[in-house]
$ cat input.txt   # compact mmCIF, C-alpha atoms
# COMPACT_ATOMS: atom_id res chain seq x y z
CA MET I 1 0.00 0.00 0.00
CA GLN I 2 2.75 2.36 0.95
CA ILE I 3 4.54 1.92 -2.35
CA ARG I 4 1.29 2.56 -4.19
CA HIS I 5 0.93 5.84 -2.29
CA VAL I 6 4.40 6.90 -3.37
CA PHE I 7 3.59 6.18 -7.00
CA ALA I 8 0.39 8.14 -6.63
CA ALA I 9 2.35 11.09 -5.25
CA PHE I 10 4.74 10.98 -8.23
CA ALA I 11 1.83 10.84 -10.61
CA ILE I 12 0.31 13.95 -9.07
CA ILE I 13 3.65 15.82 -9.25
CA ALA I 14 4.16 14.69 -12.84
CA LEU I 15 0.72 15.96 -13.82
CA ASN I 16 1.61 19.39 -12.47
CA ILE I 17 4.76 19.69 -14.61
CA PRO I 18 3.95 20.80 -18.15
CA ALA I 19 5.42 18.69 -20.91
CA TYR I 20 8.82 19.96 -22.14
CA ALA I 21 8.38 22.67 -24.72
CA PRO I 22 10.87 25.26 -25.97
CA GLN I 23 10.26 28.66 -24.45
CA ALA I 24 8.90 31.30 -26.76
CA GLN I 25 11.77 33.21 -28.38
CA THR I 26 12.26 36.81 -27.44
CA ALA I 27 11.87 39.50 -30.06
CA LEU I 28 15.67 39.91 -30.27
CA GLU I 29 16.32 36.22 -30.86
CA ASN I 30 13.73 36.20 -33.61
CA LYS I 31 15.43 38.98 -35.57
CA HIS I 32 17.62 36.76 -37.66
CA ILE I 33 18.57 33.18 -38.12
CA GLY I 34 21.96 32.30 -36.62
CA ALA I 35 24.96 32.27 -38.95
CA LEU I 36 25.62 28.62 -38.22
CA ALA I 37 22.02 27.44 -38.42
CA PRO I 38 21.81 24.66 -41.03
CA ALA I 39 18.92 26.49 -42.70
CA ASN I 40 21.18 29.53 -43.13
CA LEU I 41 24.32 27.63 -44.17
CA SER I 42 22.42 25.65 -46.79
CA LYS I 43 20.84 28.65 -48.55
CA PRO I 44 22.02 28.89 -52.15
CA ARG I 45 24.76 31.52 -52.55
CA PRO I 46 27.28 32.35 -55.27
CA LYS I 47 30.60 30.60 -54.77
CA ALA I 48 33.08 32.73 -52.81
CA PRO I 49 35.96 34.04 -54.99
CA PHE I 50 38.53 32.78 -52.48
CA ASN I 51 38.80 30.91 -49.21
CA LEU I 52 40.62 32.51 -46.29
CA THR I 53 40.54 29.36 -44.16
CA GLY I 54 44.04 28.93 -42.84
CA THR I 55 46.64 30.30 -40.47
CA TRP I 56 48.18 33.64 -41.40
CA ASN I 57 50.97 35.92 -40.28
CA MET I 58 51.10 39.64 -40.88
CA VAL I 59 54.22 40.58 -42.83
CA ILE I 60 56.31 42.96 -40.77
CA ASP I 61 56.78 45.80 -43.23
CA GLN I 62 58.78 48.87 -42.25
CA ARG I 63 57.37 50.82 -45.18
CA ASN I 64 53.86 51.03 -43.73
CA GLY I 65 54.52 51.17 -40.02
CA GLU I 66 55.11 47.50 -39.13
CA TYR I 67 52.44 46.83 -36.45
CA LEU I 68 51.34 50.47 -36.55
CA PHE I 69 49.22 52.15 -39.22
CA GLU I 70 51.76 54.71 -40.38
CA PRO I 71 51.65 57.47 -41.25
CA HIS I 72 48.63 58.47 -39.19
CA PRO I 73 46.37 61.34 -40.30
CA ARG I 74 46.07 64.77 -38.71
CA LEU I 75 44.58 64.27 -35.29
CA THR I 76 41.97 66.50 -33.68
CA ALA I 77 43.31 68.71 -30.90
CA ALA I 78 41.91 66.46 -28.15
CA ALA I 79 43.34 63.29 -29.68
CA GLN I 80 46.69 64.97 -30.28
CA ALA I 81 46.78 66.02 -26.61
CA GLU I 82 46.34 62.36 -25.59
CA LEU I 83 49.12 61.26 -27.93
CA ASP I 84 51.37 64.02 -26.56
CA LYS I 85 50.74 62.75 -23.02
CA TYR I 86 51.72 59.27 -24.17
CA ALA I 87 54.94 60.63 -25.71
CA ALA I 88 55.79 62.63 -22.58
CA TYR I 89 55.40 59.58 -20.35
CA LYS I 90 57.38 57.45 -22.78
CA LYS I 91 60.25 59.92 -22.58
CA LYS I 92 60.34 59.40 -18.82
CA GLY I 93 60.31 55.61 -19.17
CA TYR I 94 56.63 55.18 -18.45
CA GLU I 95 53.71 53.75 -20.33
CA TYR I 96 50.58 55.90 -20.47
CA ARG I 97 47.26 54.12 -20.30
CA ASP I 98 48.55 50.77 -21.52
CA ASP I 99 45.24 49.04 -20.95
CA VAL I 100 46.28 45.97 -22.92
CA GLY I 101 49.06 45.61 -20.35
CA ALA I 102 46.28 45.26 -17.76
CA CYS I 103 44.46 42.65 -19.86
CA TRP I 104 41.90 44.85 -21.61
CA PRO I 105 41.30 43.58 -25.17
CA VAL I 106 43.45 45.07 -27.93
CA GLY I 107 40.42 45.69 -30.13
CA MET I 108 40.11 46.60 -33.79
CA PRO I 109 42.13 47.43 -35.76
CA SER I 110 45.20 46.64 -33.62
CA ILE I 111 44.21 42.98 -33.15
CA MET I 112 45.00 42.57 -36.87
CA THR I 113 48.61 43.71 -36.45
CA ARG I 114 50.00 41.66 -33.56
CA TYR I 115 53.04 39.55 -34.41
CA TRP I 116 51.09 36.39 -33.68
CA PRO I 117 49.37 34.04 -36.11
CA ILE I 118 45.72 34.59 -36.99
CA GLU I 119 43.49 31.59 -37.63
CA ILE I 120 40.67 32.18 -40.11
CA ILE I 121 37.73 29.85 -40.70
CA GLN I 122 35.57 30.81 -43.69
CA LEU I 123 32.04 29.54 -43.99
CA PRO I 124 29.40 30.71 -46.47
CA THR I 125 27.55 32.67 -43.79
CA GLU I 126 30.33 33.75 -41.46
CA ILE I 127 34.08 34.25 -41.34
CA VAL I 128 35.61 33.59 -37.91
CA LEU I 129 38.97 35.12 -37.22
CA ILE I 130 40.91 34.20 -34.08
CA SER I 131 44.13 35.96 -33.20
CA MET I 132 46.51 33.91 -31.12
CA PHE I 133 47.14 37.11 -29.17
CA ASP I 134 44.79 36.72 -26.19
CA ASN I 135 42.66 34.44 -28.42
CA ASN I 136 40.59 37.47 -29.41
CA VAL I 137 37.85 36.64 -31.91
CA ARG I 138 36.17 38.52 -34.75
CA TRP I 139 32.93 37.27 -36.27
CA ILE I 140 32.29 38.62 -39.76
CA TYR I 141 28.73 37.91 -40.86
CA MET I 142 28.43 37.05 -44.55
CA ASP I 143 24.73 36.12 -44.56
CA GLY I 144 23.47 39.48 -45.78
CA ARG I 145 22.45 40.91 -42.43
CA SER I 146 23.04 44.56 -41.65
CA HIS I 147 24.53 46.18 -38.56
CA PRO I 148 22.23 46.45 -35.54
CA SER I 149 20.34 49.72 -35.29
CA PRO I 150 22.01 52.32 -33.04
CA ASP I 151 19.44 51.48 -30.33
CA ASP I 152 20.42 47.81 -30.37
CA MET I 153 24.16 48.28 -30.79
CA VAL I 154 26.38 46.81 -28.12
CA TYR I 155 29.75 48.55 -28.35
CA THR I 156 32.62 46.07 -28.26
CA TYR I 157 36.39 45.91 -28.79
CA ASN I 158 36.23 44.22 -32.18
CA GLY I 159 32.92 45.81 -33.15
CA HIS I 160 30.16 44.41 -35.33
CA SER I 161 31.40 43.23 -38.73
CA VAL I 162 29.45 42.39 -41.87
CA GLY I 163 31.08 41.33 -45.11
CA HIS I 164 30.18 40.99 -48.76
CA TRP I 165 31.93 40.19 -52.03
CA GLU I 166 32.68 42.84 -54.65
CA GLY I 167 34.15 40.96 -57.61
CA ASP I 168 37.33 39.35 -56.33
CA THR I 169 37.40 41.51 -53.19
CA LEU I 170 35.99 40.81 -49.74
CA VAL I 171 34.67 44.02 -48.20
CA ILE I 172 34.21 44.06 -44.42
CA ASP I 173 32.41 46.89 -42.68
CA THR I 174 32.94 47.28 -38.95
CA VAL I 175 31.13 49.64 -36.56
CA GLY I 176 29.99 49.45 -32.95
CA LEU I 177 33.48 49.85 -31.50
CA THR I 178 33.75 50.85 -27.89
CA ASP I 179 35.62 53.93 -26.70
CA ASP I 180 36.26 52.37 -23.28
CA HIS I 181 39.96 51.53 -22.76
CA HIS I 182 40.27 51.20 -26.54
CA TRP I 183 43.26 52.82 -28.16
CA LEU I 184 44.74 52.80 -31.62
CA GLN I 185 48.47 52.57 -32.18
CA THR I 186 50.10 53.75 -29.02
CA GLY I 187 47.93 56.36 -27.41
CA ILE I 188 45.47 57.53 -30.08
CA PRO I 189 41.94 57.40 -28.66
CA SER I 190 39.00 55.96 -30.58
CA SER I 191 35.36 56.97 -30.31
CA THR I 192 32.15 55.05 -30.87
CA GLN I 193 32.07 56.76 -34.29
CA LEU I 194 35.09 54.75 -35.45
CA HIS I 195 34.20 53.06 -38.73
CA ILE I 196 36.55 50.59 -40.40
CA VAL I 197 36.21 49.32 -43.97
CA GLU I 198 38.55 46.51 -44.97
CA ARG I 199 39.10 45.48 -48.58
CA ILE I 200 40.72 42.05 -48.73
CA ARG I 201 42.11 40.50 -51.90
CA MET I 202 44.28 37.49 -52.59
CA VAL I 203 47.77 38.05 -53.96
CA ASN I 204 50.84 35.90 -54.51
CA ALA I 205 48.81 33.07 -56.10
CA GLY I 206 46.68 32.60 -52.99
CA ARG I 207 49.61 32.37 -50.59
CA SER I 208 49.04 35.90 -49.27
CA PHE I 209 46.24 38.38 -48.87
CA GLU I 210 46.24 42.12 -48.61
CA ASP I 211 43.92 43.94 -46.23
CA GLN I 212 43.42 47.61 -46.97
CA PHE I 213 42.08 49.39 -43.89
CA THR I 214 40.17 52.65 -44.30
CA MET I 215 39.35 54.11 -40.90
CA THR I 216 37.32 57.18 -40.09
CA ASP I 217 36.63 58.70 -36.69
CA PRO I 218 35.65 62.38 -36.91
CA VAL I 219 36.06 62.76 -33.15
CA ASN I 220 39.75 61.90 -33.28
CA TRP I 221 41.17 62.54 -36.75
CA VAL I 222 40.53 64.35 -40.01
CA GLY I 223 39.57 62.39 -43.11
CA PRO I 224 40.18 58.73 -43.89
CA TRP I 225 43.14 56.89 -42.40
CA VAL I 226 44.28 54.33 -44.97
CA ASN I 227 46.90 51.61 -44.58
CA THR I 228 47.43 48.21 -46.19
CA LYS I 229 48.83 45.16 -44.42
CA ARG I 230 49.86 41.89 -46.04
CA TYR I 231 49.40 38.45 -44.52
CA ASP I 232 51.20 35.26 -45.56
CA ARG I 233 49.80 31.76 -45.24
CA GLU I 234 51.63 29.77 -42.56
CA ASP I 235 50.93 26.05 -42.87
CA ARG I 236 53.45 24.89 -40.28
CA THR I 237 51.74 26.11 -37.16
CA ASP I 238 48.51 26.24 -35.20
CA ILE I 239 47.37 28.86 -32.76
CA GLU I 240 47.19 27.96 -29.08
CA GLU I 241 45.56 29.12 -25.88
CA HIS I 242 46.95 32.48 -24.89
CA ILE I 243 45.09 34.41 -22.23
CA CYS I 244 45.94 37.55 -20.29
CA ILE I 245 45.49 37.28 -16.54
CA TYR I 246 45.61 40.49 -14.55
CA GLU I 247 46.90 38.81 -11.39
CA GLN I 248 49.86 37.55 -13.43
CA MET I 249 50.48 40.82 -15.24
CA ASN I 250 50.57 42.94 -12.10
CA LYS I 251 53.52 40.94 -10.76
CA LEU I 252 55.73 41.89 -13.70
CA PRO I 253 58.44 44.47 -13.13
CA SER I 254 57.11 46.68 -15.91
CA PHE I 255 53.61 46.89 -14.41
CA LYS I 256 54.26 49.76 -12.02
CA TYR I 257 55.49 51.87 -14.93
CA ASN I 258 52.06 51.69 -16.55
CA ILE I 259 50.32 54.96 -15.66
CA ARG I 260 46.62 54.19 -15.89
CA LYS I 261 44.47 57.09 -14.70
CA MET A 1 63.61 25.69 -41.20
CA LYS A 2 64.55 26.69 -37.67
CA LEU A 3 67.65 28.62 -38.63
CA PRO A 4 66.10 31.19 -41.01
CA LEU A 5 63.55 32.05 -38.34
CA VAL A 6 66.24 32.76 -35.80
CA VAL A 7 68.25 34.78 -38.31
CA ALA A 8 65.19 36.82 -39.22
CA SER A 9 64.50 37.43 -35.54
CA ALA A 10 67.98 38.73 -35.01
CA LEU A 11 67.42 41.35 -37.71
CA LEU A 12 64.59 42.90 -35.77
CA LEU A 13 65.29 45.56 -33.24
CA PRO A 14 63.85 44.33 -29.96
CA GLY A 15 62.25 47.68 -29.25
CA LEU A 16 60.24 47.48 -32.45
CA THR A 17 59.01 43.94 -32.05
CA ALA A 18 58.41 43.79 -28.33
CA GLN A 19 55.31 45.94 -28.28
CA ALA A 20 53.38 43.99 -30.88
CA VAL A 21 54.47 40.67 -29.39
CA ALA A 22 53.86 41.46 -25.75
CA HIS A 23 50.99 42.90 -23.80
CA HIS A 24 52.58 46.21 -23.22
CA SER A 25 55.21 48.48 -24.61
CA TYR A 26 58.69 48.27 -23.24
CA ASN A 27 59.06 51.93 -22.33
CA ALA A 28 60.13 50.98 -18.81
CA PHE A 29 63.12 49.02 -20.12
CA ASP A 30 66.28 50.32 -21.73
CA MET A 31 66.02 48.16 -24.83
CA ALA A 32 69.31 49.50 -26.21
CA LYS A 33 71.18 48.10 -23.22
CA THR A 34 71.75 44.45 -22.31
CA VAL A 35 73.28 43.39 -19.02
CA ALA A 36 74.30 39.93 -17.83
CA LEU A 37 73.47 38.89 -14.25
CA VAL A 38 74.84 35.80 -12.56
CA GLY A 39 72.53 34.51 -9.87
CA THR A 40 70.42 31.78 -8.36
CA VAL A 41 66.87 31.06 -9.49
CA LYS A 42 64.46 31.59 -6.59
CA GLU A 43 61.24 31.32 -8.58
CA PHE A 44 60.32 30.56 -12.18
CA HIS A 45 56.73 31.33 -13.18
CA TRP A 46 55.75 29.49 -16.37
CA THR A 47 52.61 31.56 -16.95
CA ASN A 48 50.62 33.33 -19.66
CA PRO A 49 50.86 35.82 -21.07
CA HIS A 50 54.29 36.42 -19.55
CA SER A 51 56.67 34.12 -17.74
CA TRP A 52 59.00 35.62 -15.17
CA ILE A 53 62.02 34.74 -13.10
CA LEU A 54 62.93 35.85 -9.62
CA LEU A 55 66.71 35.75 -9.58
CA GLU A 56 68.82 36.25 -6.48
CA VAL A 57 72.07 38.03 -7.17
CA VAL A 58 74.81 39.03 -4.78
CA ASP A 59 76.36 42.42 -5.46
CA ALA A 60 79.97 43.46 -4.97
CA ALA A 61 79.29 44.44 -1.35
CA GLY A 62 77.89 40.98 -0.64
CA THR A 63 74.28 42.13 -0.45
CA ARG A 64 71.65 39.73 -1.74
CA GLN A 65 69.18 41.27 -4.12
CA ALA A 66 66.04 39.82 -5.76
CA VAL A 67 65.76 40.74 -9.42
CA SER A 68 62.43 40.27 -11.20
CA ILE A 69 62.91 39.48 -14.88
CA GLU A 70 59.91 39.24 -17.18
CA SER A 71 59.73 37.26 -20.37
CA ASN A 72 57.24 35.95 -22.87
CA GLY A 73 54.66 33.25 -22.12
CA PRO A 74 55.16 29.49 -22.38
CA GLY A 75 53.61 29.24 -25.86
CA TYR A 76 56.30 31.58 -27.06
CA LEU A 77 59.25 30.18 -25.12
CA VAL A 78 58.71 26.53 -26.12
CA ARG A 79 59.45 27.53 -29.71
CA TYR A 80 62.83 28.69 -28.52
CA GLY A 81 63.55 25.36 -26.83
CA TRP A 82 62.32 26.17 -23.33
CA LYS A 83 60.59 23.59 -21.16
CA ARG A 84 58.47 23.97 -18.05
CA GLU A 85 61.38 22.88 -15.90
CA SER A 86 64.17 24.59 -17.83
CA LEU A 87 64.73 26.65 -14.70
CA ARG A 88 64.44 25.18 -11.22
CA PRO A 89 64.86 26.93 -7.88
CA GLY A 90 68.49 26.73 -6.90
CA ASP A 91 69.85 26.71 -10.48
CA LYS A 92 72.86 28.97 -10.97
CA ILE A 93 72.29 30.80 -14.24
CA THR A 94 73.35 33.82 -16.20
CA ALA A 95 70.43 35.97 -17.29
CA ARG A 96 70.86 38.54 -20.04
CA MET A 97 68.27 41.27 -19.80
CA HIS A 98 67.33 44.81 -20.80
CA PRO A 99 67.35 46.63 -17.45
CA LEU A 100 64.65 48.92 -16.11
CA ARG A 101 65.48 52.50 -17.07
CA ASP A 102 65.21 53.88 -13.56
CA GLY A 103 67.78 51.47 -12.17
CA SER A 104 65.30 49.38 -10.15
CA SER A 105 66.13 45.71 -9.90
CA GLY A 106 64.29 44.22 -12.82
CA GLY A 107 64.42 43.75 -16.54
CA SER A 108 63.16 42.19 -19.74
CA LEU A 109 64.75 38.81 -20.48
CA VAL A 110 66.95 38.37 -23.57
CA SER A 111 68.31 34.89 -22.84
CA VAL A 112 69.50 32.60 -20.07
CA VAL A 113 72.64 30.47 -19.87
CA LEU A 114 71.75 27.24 -18.06
CA PRO A 115 74.04 25.41 -15.60
CA ASP A 116 75.05 23.01 -18.44
CA GLY A 117 76.13 25.94 -20.61
CA ARG A 118 73.21 25.88 -23.03
CA GLU A 119 71.72 29.25 -23.87
CA LEU A 120 67.96 29.66 -24.28
CA GLN A 121 66.72 32.69 -26.21
CA ALA A 122 63.70 34.64 -25.00
CA GLU A 123 63.45 37.42 -27.55
CA GLY A 124 62.46 37.50 -31.22
CA LEU A 125 59.48 36.70 -33.36
CA PRO A 126 56.62 34.84 -31.69
CA PRO A 127 55.62 31.22 -32.28
CA GLY A 128 54.54 30.36 -35.77
CA HIS A 129 55.81 33.53 -37.36
CA ASN A 130 57.33 32.70 -40.70
CA GLY A 131 59.90 35.45 -40.31
CA ASN A 132 58.68 37.41 -43.31
CA VAL A 133 59.95 40.93 -42.95
CA ALA A 134 59.68 43.47 -45.75
CA GLY A 135 61.13 46.88 -46.43
CA ARG A 136 64.55 46.44 -44.85

$ encode --input "input.txt" --output "structure tokens"
Amino acid sequence: MQIRHVFAAFAIIALNIPAYAPQAQTALENKHIGALAPANLSKPRPKAPFNLTGTWNMVIDQRNGEYLFEPHPRLTAAAQAELDKYAAYKKKGYEYRDDVGACWPVGMPSIMTRYWPIEIIQLPTEIVLISMFDNNVRWIYMDGRSHPSPDDMVYTYNGHSVGHWEGDTLVIDTVGLTDDHHWLQTGIPSSTQLHIVERIRMVNAGRSFEDQFTMTDPVNWVGPWVNTKRYDREDRTDIEEHICIYEQMNKLPSFKYNIRK
Amino acid sequence: MKLPLVVASALLLPGLTAQAVAHHSYNAFDMAKTVALVGTVKEFHWTNPHSWILLEVVDAAGTRQAVSIESNGPGYLVRYGWKRESLRPGDKITARMHPLRDGSSGGSLVSVVLPDGRELQAEGLPPGHNGNVAGR
């Protein structure tokens, strides 16, 4: 009898639990189909002119600023004042606002110019780009979506990127970049108005690609800032876990020379 | 293929490469100067994104001093032949480093000479870089 009572109790509990059903999607989730959804991946699309899947190294080229985007354009007075502060601290052996040294993300466009390999995975709907440096990731949506509206934009270090093909060129448009602890070069501030257009084309019979960066930010500089970097395919390596940990960084001898106010 | 990479690394001025390799610029260090310190390893931290060594040195007056020497992370150092236990507490080594500009006891590691005489490099292009350098 007792066992029967227990079963009865279970039955009552079970009746009170609704059958499993997916929760209704929120309005935001309904906006678009995910880039990796099979229904999205399988949509018919023209064949991509080239495939970036691979591991790549930026060529260190003195003629265009190596890891910097040189020369830089005329800065606004406020941006120039920040750069001057950086230079003054540097003269005294200090680093001014080296937020990356305290584990803040490098952000766009600097993440594209570290001397570490970049892994790229190209799918019809999305290109995923992972820098070995801090394993920072860029997602470039190729499924025809547009940028979020200003109301929906979440400002991030690598921004929101959408790409499309123009002939044999991949054009990537990036907005939604944060101005919080996000610097270009060494000490040039960036605003949320920073807009980056990249034009990528294959060269060197597919063993290299060129990425022409055109950057505008009316808050910080005048006119477009254009620079082209080249990347070579590197088939003999893979990227690995590489993560910045503040509690490790602050033990380094250089840390106290990083003036972060 | 190892040799060309090392040769290419040697062509690069450390001050130019360090910033894009590391997490911070090297303004605090005098990258034009390299000093050699003979001492005893007290601690070796095999950590990302930067490894570091605490080296005990004895100066001319007989005073013991702890010198903190930072380097690149394990993923970087293994490509230059380092292993997790390349340095153990108690090892007598020579550390070559770019000293802190203000004379404090610390620096940025260039290389170490191990007790068996082998030298391990700690400066140059990062792992997987093909050494392609243009415009020189």

$ closest_residue --input "input.txt" --among "A:Arg118, A:Lys83, A:Lys33, A:Arg101" --to "chain I" --atoms "only C-alpha atoms"
A:Arg101

$ interface_residues --input "input.txt" --of "chain I" --to "chain A" --cutoff "9 Å" --atoms "all atoms listed in the file" --output "PyMOL selection string"
chain I and resi 56-64+66-68+89-95+98-103+106+113-117+133-134+186+232-234+236-245+248-249+251-255+257-258

$ residues_around --input "input.txt" --residues "Gln121 (chain A)" --least-positions-apart "2" --cutoff "9 Å" --atoms "all atoms listed in the file" --output "PyMOL selection string"
chain A and resi 77+80-82+109-113+119+123-124

$ atom_distance --input "input.txt" --atom1 "CA of Lys85 (chain I)" --atom2 "CA of His72 (chain I)"
16.9 Å

$ atom_distance --input "input.txt" --atom1 "CA of Ala35 (chain I)" --atom2 "CA of Val154 (chain I)"
18.2 Å

$ closest_residue --input "input.txt" --among "I:Asp151, I:Asp143, I:Asp235, I:Glu70" --to "Ser208 (chain I)" --atoms "all atoms listed in the file"
I:Asp235

$ atom_distance --input "input.txt" --atom1 "CA of Leu41 (chain I)" --atom2 "CA of Glu198 (chain I)"
23.7 Å

$ residues_around --input "input.txt" --residues "Ala36 (chain A)" --least-positions-apart "6" --cutoff "8 Å" --atoms "all atoms listed in the file" --output "PyMOL selection string"
chain A and resi 94-97

$ residues_around --input "input.txt" --residues "Arg74 (chain I)" --least-positions-apart "4" --cutoff "9 Å" --atoms "only C-alpha atoms" --output "mmCIF file with C-alpha atoms, in the coordinates of the input"
data_model
loop_
_atom_site.group_PDB
_atom_site.id
_atom_site.type_symbol
_atom_site.label_atom_id
_atom_site.label_comp_id
_atom_site.auth_asym_id
_atom_site.auth_seq_id
_atom_site.Cartn_x
_atom_site.Cartn_y
_atom_site.Cartn_z
ATOM 1 C CA GLN I 80 46.690 64.970 -30.280
ATOM 2 C CA ASN I 220 39.750 61.900 -33.280
ATOM 3 C CA TRP I 221 41.170 62.540 -36.750
ATOM 4 C CA VAL I 222 40.530 64.350 -40.010
ATOM 5 C CA GLY I 223 39.570 62.390 -43.110
#
